[in-house]
Structures are given as C-alpha cells and as structure tokens.
$ cat query-v6.cif   # mmCIF, C-alpha atoms
data_my_file
#
loop_
_atom_site.group_PDB
_atom_site.id
_atom_site.type_symbol
_atom_site.label_atom_id
_atom_site.label_comp_id
_atom_site.auth_asym_id
_atom_site.auth_seq_id
_atom_site.Cartn_x
_atom_site.Cartn_y
_atom_site.Cartn_z
ATOM 1 C CA MET A 1 23.271 38.838 25.914
ATOM 2 C CA GLY A 2 26.246 40.549 27.537
ATOM 3 C CA THR A 3 27.478 37.297 29.086
ATOM 4 C CA LEU A 4 27.360 35.541 25.724
ATOM 5 C CA ASN A 5 29.426 38.302 24.078
ATOM 6 C CA TYR A 6 31.953 38.135 26.929
ATOM 7 C CA LEU A 7 32.305 34.367 26.501
ATOM 8 C CA LEU A 8 32.776 34.662 22.735
ATOM 9 C CA ILE A 9 35.400 37.392 23.092
ATOM 10 C CA HIS A 10 37.159 35.553 25.932
ATOM 11 C CA TYR A 11 37.169 32.270 23.970
ATOM 12 C CA SER A 12 38.597 33.927 20.847
ATOM 13 C CA LEU A 13 41.361 35.619 22.877
ATOM 14 C CA VAL A 14 42.295 32.343 24.554
ATOM 15 C CA CYS A 15 42.560 30.611 21.180
ATOM 16 C CA LEU A 16 44.711 33.343 19.630
ATOM 17 C CA CYS A 17 47.433 33.607 22.267
ATOM 18 C CA SER A 18 48.531 30.050 22.959
ATOM 19 C CA LEU A 19 52.177 29.730 23.986
ATOM 20 C CA TYR A 20 52.553 26.225 22.588
ATOM 21 C CA SER A 21 51.695 24.073 19.624
ATOM 22 C CA LYS A 22 50.986 20.361 19.726
ATOM 23 C CA GLY A 23 53.153 17.452 18.721
ATOM 24 C CA ARG A 24 52.852 13.682 18.898
ATOM 25 C CA PHE A 25 55.528 11.414 20.405
ATOM 26 C CA LEU A 26 56.031 8.732 17.759
ATOM 27 C CA GLY A 27 58.740 6.640 19.381
ATOM 28 C CA PHE A 28 62.500 6.570 19.765
ATOM 29 C CA LYS A 29 65.262 7.019 17.227
ATOM 30 C CA ARG A 30 66.273 3.583 16.019
ATOM 31 C CA GLY A 31 68.201 1.550 13.549
ATOM 32 C CA GLN A 32 67.170 -1.800 12.174
ATOM 33 C CA ARG A 33 67.974 -3.619 15.420
ATOM 34 C CA THR A 34 68.975 -0.947 17.939
ATOM 35 C CA GLN A 35 66.778 1.616 19.677
ATOM 36 C CA TYR A 36 68.198 4.839 21.127
ATOM 37 C CA GLU A 37 65.946 5.862 24.008
ATOM 38 C CA HIS A 38 67.794 9.135 24.643
ATOM 39 C CA THR A 39 66.349 10.636 21.443
ATOM 40 C CA ALA A 40 62.584 10.931 20.923
ATOM 41 C CA LEU A 41 60.851 11.434 17.556
ATOM 42 C CA ILE A 42 58.062 14.009 17.524
ATOM 43 C CA GLN A 43 55.610 14.757 14.700
ATOM 44 C CA LEU A 44 54.752 18.460 14.828
ATOM 45 C CA GLU A 45 51.187 19.580 14.159
ATOM 46 C CA ASN A 46 50.711 21.284 10.740
ATOM 47 C CA VAL A 47 54.380 20.777 9.799
ATOM 48 C CA ASN A 48 54.928 18.634 6.703
ATOM 49 C CA SER A 49 58.449 19.320 5.429
ATOM 50 C CA LYS A 50 62.020 19.531 6.620
ATOM 51 C CA GLU A 51 62.188 23.253 5.772
ATOM 52 C CA GLU A 52 59.261 24.052 8.088
ATOM 53 C CA THR A 53 60.977 22.376 11.056
ATOM 54 C CA SER A 54 63.808 24.937 11.159
ATOM 55 C CA PHE A 55 61.549 27.346 13.117
ATOM 56 C CA TYR A 56 61.173 24.769 15.900
ATOM 57 C CA GLU A 57 64.855 23.917 16.409
ATOM 58 C CA GLY A 58 65.896 24.818 19.949
ATOM 59 C CA LYS A 59 62.308 25.130 21.182
ATOM 60 C CA ARG A 60 61.374 23.466 24.478
ATOM 61 C CA VAL A 61 59.064 20.469 24.661
ATOM 62 C CA ALA A 62 56.932 19.405 27.634
ATOM 63 C CA TYR A 63 55.438 15.944 28.189
ATOM 64 C CA LEU A 64 52.655 16.197 30.779
ATOM 65 C CA TYR A 65 51.302 13.135 32.552
ATOM 66 C CA ARG A 66 49.183 12.251 35.549
ATOM 67 C CA ALA A 67 50.851 10.451 38.458
ATOM 68 C CA PRO A 68 48.953 8.315 41.002
ATOM 69 C CA THR A 69 50.312 10.244 43.996
ATOM 70 C CA ALA A 70 50.223 13.991 44.455
ATOM 71 C CA LYS A 71 53.390 16.043 44.883
ATOM 72 C CA LYS A 72 53.276 19.748 45.717
ATOM 73 C CA GLY A 73 49.482 19.536 45.661
ATOM 74 C CA THR A 74 49.037 18.222 42.106
ATOM 75 C CA HIS A 75 48.935 14.888 40.301
ATOM 76 C CA ILE A 76 50.259 16.402 37.056
ATOM 77 C CA ARG A 77 53.985 16.112 36.351
ATOM 78 C CA CYS A 78 56.170 17.212 33.480
ATOM 79 C CA ILE A 79 59.299 16.021 31.665
ATOM 80 C CA TRP A 80 61.101 18.806 29.789
ATOM 81 C CA GLY A 81 63.106 18.450 26.610
ATOM 82 C CA ARG A 82 64.438 20.391 23.644
ATOM 83 C CA ILE A 83 64.122 19.944 19.876
ATOM 84 C CA THR A 84 67.549 19.269 18.417
ATOM 85 C CA ARG A 85 67.181 18.683 14.648
ATOM 86 C CA PRO A 86 64.867 17.402 11.893
ATOM 87 C CA HIS A 87 64.382 13.694 11.246
ATOM 88 C CA GLY A 88 63.598 12.763 7.675
ATOM 89 C CA ASN A 89 61.669 14.912 5.203
ATOM 90 C CA SER A 90 58.106 14.925 6.549
ATOM 91 C CA GLY A 91 58.019 17.281 9.536
ATOM 92 C CA VAL A 92 59.327 14.896 12.203
ATOM 93 C CA VAL A 93 61.958 16.253 14.614
ATOM 94 C CA ARG A 94 64.326 14.748 17.157
ATOM 95 C CA ALA A 95 64.159 15.850 20.776
ATOM 96 C CA LYS A 96 66.223 15.100 23.863
ATOM 97 C CA PHE A 97 64.513 15.081 27.244
ATOM 98 C CA ARG A 98 66.066 15.528 30.684
ATOM 99 C CA HIS A 99 64.750 12.081 31.576
ATOM 100 C CA ASN A 100 63.959 9.595 28.819
ATOM 101 C CA LEU A 101 60.274 9.397 28.002
ATOM 102 C CA PRO A 102 58.525 6.200 29.123
ATOM 103 C CA PRO A 103 57.374 3.758 26.416
ATOM 104 C CA SER A 104 53.781 4.225 27.604
ATOM 105 C CA ALA A 105 54.002 7.783 26.242
ATOM 106 C CA MET A 106 54.218 6.627 22.610
ATOM 107 C CA GLY A 107 51.389 8.106 20.598
ATOM 108 C CA THR A 108 50.512 10.732 23.205
ATOM 109 C CA THR A 109 50.537 14.505 22.820
ATOM 110 C CA VAL A 110 53.420 16.749 23.846
ATOM 111 C CA ARG A 111 53.487 20.540 24.063
ATOM 112 C CA VAL A 112 56.013 22.337 21.874
ATOM 113 C CA MET A 113 56.584 25.707 23.516
ATOM 114 C CA LEU A 114 57.101 28.679 21.193
ATOM 115 C CA TYR A 115 60.077 29.886 23.215
ATOM 116 C CA PRO A 116 62.976 30.547 23.238
ATOM 117 C CA SER A 117 62.454 32.712 20.162
ATOM 118 C CA ASN A 118 65.151 32.785 17.497
ATOM 119 C CA ILE A 119 63.529 35.441 15.306
#

$ encode --input "query-v6.cif" --output "structure tokens"
Amino acid sequence: MGTLNYLLIHYSLVCLCSLYSKGRFLGFKRGQRTQYEHTALIQLENVNSKEETSFYEGKRVAYLYRAPTAKKGTHIRCIWGRITRPHGNSGVVRAKFRHNLPPSAMGTTVRVMLYPSNI
C-alpha cells in the first residue's frame, strides 16, 4: 500500500509543477497569396481570447523533434523561438524561431515555457 501512495503523491506533484504549457503549430503567417515563413502561428492550449494571450508575450517556445541520427547521445533536437504578439481574436499568437520551422511540423505540439516571467 505504501508504494501505491508514493506513486499517487509523486504523480500529483509532477502534474502540478510543469514548467511549460502546450501549443499547436498551425502554420505560417500569410496573406492571400504570400506566406511568411519567418513567423509561425501557434494556438495556445486553454487560451481563447486576445486578452488572455498577453501573459504569454515574450515567453520562449520549444519545438522538439526526433532526428534519424544521434548527436550528443540523443536523437531528440529542439528549435527555440519566442512569442512576439497576438494574431487575431481567438488565442492564436505569432512566434519567431531561431530557424524557421519545417512544414512537416504543421499541426504538431510545441512547448510554451512559462519563463521568462513578466509578473
């Protein structure tokens, strides 16, 4: 019984202290005919209005992916970016990454880190 209690307590602590929230990479900023690959559009989880996005401005974003070859002992690599401003009225934000995200990343999950803090 002690092991079960430990697992329940450990699981609840892990869930409470996450340093990131999830977002979904929707695509690139675009006009009717032109696409701007240097700016990514991200839908934030549980954010549904422009006012709620102000907390996330300036926060860092990480896109994690698996590469076929290992570097530094791991197959997982990361592209870092930063949220710059809201996009529209429904909780979508614009983000700029150090390297443009690949088109194969559309629809995948990104991590929105809860730092740097501006509170």

$ residues_around --input "query-v6.cif" --residues "Arg111 (chain A)" --least-positions-apart "5" --cutoff "10 Å" --atoms "all atoms listed in the file" --output "list in words"
Leu19, Tyr20, Ser21, Lys22, Gly23, Arg24, Leu44, Arg60, Val61, Ala62, Tyr63, Leu64 and Trp80 of chain A

$ atom_distance --input "query-v6.cif" --atom1 "CA of Phe25 (chain A)" --atom2 "CA of Asn48 (chain A)"
15.5 Å

$ atom_distance --input "query-v6.cif" --atom1 "CA of Gly81 (chain A)" --atom2 "CA of His99 (chain A)"
8.2 Å

$ closest_residue --input "query-v6.cif" --among "A:Leu26, A:Ile42, A:Cys17, A:Ala67" --to "Gly107 (chain A)" --atoms "all atoms listed in the file"
A:Leu26

$ closest_residue --input "query-v6.cif" --among "A:His87, A:Arg30, A:Arg98, A:Lys72" --to "Gln43 (chain A)" --atoms "all atoms listed in the file"
A:His87

$ atom_distance --input "query-v6.cif" --atom1 "CA of Tyr36 (chain A)" --atom2 "CA of Val92 (chain A)"
16.1 Å

$ resolve_selection --input "query-v6.cif" --expression "the PyMOL selection byres ((chain A and resi 102) around 12)" --output "list in words"
Phe25, Leu26, Gly27, Phe28, Glu37, His38, Thr39, Ala40, Tyr63, Leu64, Tyr65, Ile79, Phe97, His99, Asn100, Leu101, Pro103, Ser104, Ala105, Met106, Gly107 and Thr108 of chain A

$ residues_near_point --input "query-v6.cif" --point "(49.0, 8.8, 35.8)" --cutoff "9 Å" --atoms "all atoms listed in the file" --output "list in words"
Tyr65, Arg66, Ala67, Pro68, Thr69, His75, Ile76 and Arg77 of chain A

$ resolve_selection --input "query-v6.cif" --expression "the PyMOL selection byres ((chain A and resi 50) around 8)" --output "ChimeraX atom specification"
/A:48-49,51-54,86-92

$ decode --input "query-v6.cif" --residues "region 71-85 of chain A" --atoms "all heavy atoms" --output "short mmCIF file (atom, residue, chain, number, x, y, z; two decimals), in the first residue's frame"
data_model
loop_
_atom_site.label_atom_id
_atom_site.label_comp_id
_atom_site.auth_asym_id
_atom_site.auth_seq_id
_atom_site.Cartn_x
_atom_site.Cartn_y
_atom_site.Cartn_z
N LYS A 71 23.01 12.97 -32.10
CA LYS A 71 24.05 13.95 -31.83
C LYS A 71 24.09 14.18 -30.33
O LYS A 71 23.05 14.34 -29.70
CB LYS A 71 23.76 15.28 -32.54
CG LYS A 71 24.06 15.26 -34.01
CD LYS A 71 24.11 16.66 -34.57
CE LYS A 71 24.48 16.61 -36.04
NZ LYS A 71 24.53 17.94 -36.63
N LYS A 72 25.29 14.16 -29.77
CA LYS A 72 25.49 14.30 -28.33
C LYS A 72 24.70 13.23 -27.57
O LYS A 72 24.15 13.48 -26.50
CB LYS A 72 25.09 15.69 -27.86
CG LYS A 72 25.93 16.80 -28.49
CD LYS A 72 25.54 18.15 -27.97
CE LYS A 72 26.37 19.23 -28.66
NZ LYS A 72 25.96 20.57 -28.26
N GLY A 73 24.59 12.05 -28.17
CA GLY A 73 23.97 10.92 -27.49
C GLY A 73 22.46 10.86 -27.50
O GLY A 73 21.87 10.03 -26.83
N THR A 74 21.78 11.74 -28.27
CA THR A 74 20.33 11.71 -28.30
C THR A 74 19.82 11.97 -29.72
O THR A 74 20.48 12.65 -30.51
CB THR A 74 19.74 12.75 -27.32
OG1 THR A 74 18.31 12.67 -27.38
CG2 THR A 74 20.18 14.16 -27.68
N HIS A 75 18.65 11.42 -30.00
CA HIS A 75 18.01 11.65 -31.29
C HIS A 75 17.07 12.86 -31.25
O HIS A 75 16.55 13.27 -32.28
CB HIS A 75 17.21 10.41 -31.71
CG HIS A 75 18.08 9.27 -32.13
ND1 HIS A 75 18.49 9.08 -33.43
CD2 HIS A 75 18.64 8.25 -31.43
CE1 HIS A 75 19.25 8.00 -33.52
NE2 HIS A 75 19.36 7.48 -32.31
N ILE A 76 16.81 13.39 -30.06
CA ILE A 76 15.86 14.49 -29.91
C ILE A 76 16.58 15.82 -30.08
O ILE A 76 17.62 16.06 -29.47
CB ILE A 76 15.16 14.41 -28.54
CG1 ILE A 76 14.36 13.11 -28.46
CG2 ILE A 76 14.25 15.61 -28.33
CD1 ILE A 76 13.75 12.86 -27.12
N ARG A 77 16.01 16.68 -30.91
CA ARG A 77 16.56 18.02 -31.14
C ARG A 77 15.48 19.06 -30.91
O ARG A 77 14.30 18.75 -30.84
CB ARG A 77 17.10 18.13 -32.56
CG ARG A 77 18.22 17.13 -32.79
CD ARG A 77 19.01 17.40 -34.03
NE ARG A 77 19.87 16.25 -34.28
CZ ARG A 77 20.25 15.88 -35.47
NH1 ARG A 77 19.89 16.56 -36.53
NH2 ARG A 77 21.04 14.83 -35.62
N CYS A 78 15.91 20.31 -30.82
CA CYS A 78 14.99 21.37 -30.43
C CYS A 78 15.26 22.63 -31.26
O CYS A 78 16.41 22.96 -31.53
CB CYS A 78 15.18 21.66 -28.94
SG CYS A 78 14.10 22.93 -28.31
N ILE A 79 14.19 23.31 -31.64
CA ILE A 79 14.29 24.63 -32.26
C ILE A 79 13.60 25.61 -31.31
O ILE A 79 12.43 25.42 -30.96
CB ILE A 79 13.63 24.67 -33.65
CG1 ILE A 79 14.27 23.66 -34.59
CG2 ILE A 79 13.70 26.08 -34.24
CD1 ILE A 79 13.61 23.57 -35.95
N TRP A 80 14.33 26.63 -30.87
CA TRP A 80 13.81 27.60 -29.92
C TRP A 80 13.23 28.82 -30.61
O TRP A 80 13.71 29.24 -31.66
CB TRP A 80 14.91 28.05 -28.96
CG TRP A 80 15.26 27.02 -27.95
CD1 TRP A 80 16.28 26.13 -28.01
CD2 TRP A 80 14.57 26.75 -26.72
NE1 TRP A 80 16.27 25.33 -26.89
CE2 TRP A 80 15.23 25.69 -26.09
CE3 TRP A 80 13.44 27.31 -26.11
CZ2 TRP A 80 14.81 25.19 -24.86
CZ3 TRP A 80 13.03 26.81 -24.89
CH2 TRP A 80 13.71 25.76 -24.27
N GLY A 81 12.21 29.40 -30.00
CA GLY A 81 11.61 30.61 -30.51
C GLY A 81 11.05 31.44 -29.38
O GLY A 81 11.21 31.11 -28.20
N ARG A 82 10.37 32.53 -29.75
CA ARG A 82 9.80 33.43 -28.75
C ARG A 82 8.47 33.98 -29.26
O ARG A 82 8.34 34.31 -30.45
CB ARG A 82 10.78 34.57 -28.49
CG ARG A 82 10.44 35.42 -27.28
CD ARG A 82 11.52 36.44 -27.02
NE ARG A 82 12.80 35.86 -26.68
CZ ARG A 82 13.17 35.56 -25.44
NH1 ARG A 82 12.35 35.77 -24.45
NH2 ARG A 82 14.37 35.07 -25.21
N ILE A 83 7.49 34.06 -28.38
CA ILE A 83 6.18 34.61 -28.74
C ILE A 83 6.31 36.12 -28.85
O ILE A 83 6.82 36.78 -27.94
CB ILE A 83 5.12 34.20 -27.72
CG1 ILE A 83 4.92 32.69 -27.79
CG2 ILE A 83 3.81 34.95 -27.96
CD1 ILE A 83 3.94 32.14 -26.79
N THR A 84 5.84 36.68 -29.95
CA THR A 84 6.01 38.10 -30.20
C THR A 84 4.74 38.92 -29.97
O THR A 84 4.80 39.99 -29.38
CB THR A 84 6.49 38.35 -31.64
OG1 THR A 84 5.56 37.76 -32.55
CG2 THR A 84 7.86 37.73 -31.84
N ARG A 85 3.58 38.42 -30.41
CA ARG A 85 2.34 39.21 -30.31
C ARG A 85 1.14 38.33 -30.59
O ARG A 85 1.29 37.22 -31.11
CB ARG A 85 2.39 40.38 -31.29
CG ARG A 85 2.67 39.98 -32.71
CD ARG A 85 2.50 41.13 -33.66
NE ARG A 85 1.11 41.50 -33.71
CZ ARG A 85 0.63 42.52 -34.43
NH1 ARG A 85 1.44 43.25 -35.16
NH2 ARG A 85 -0.65 42.81 -34.42
#
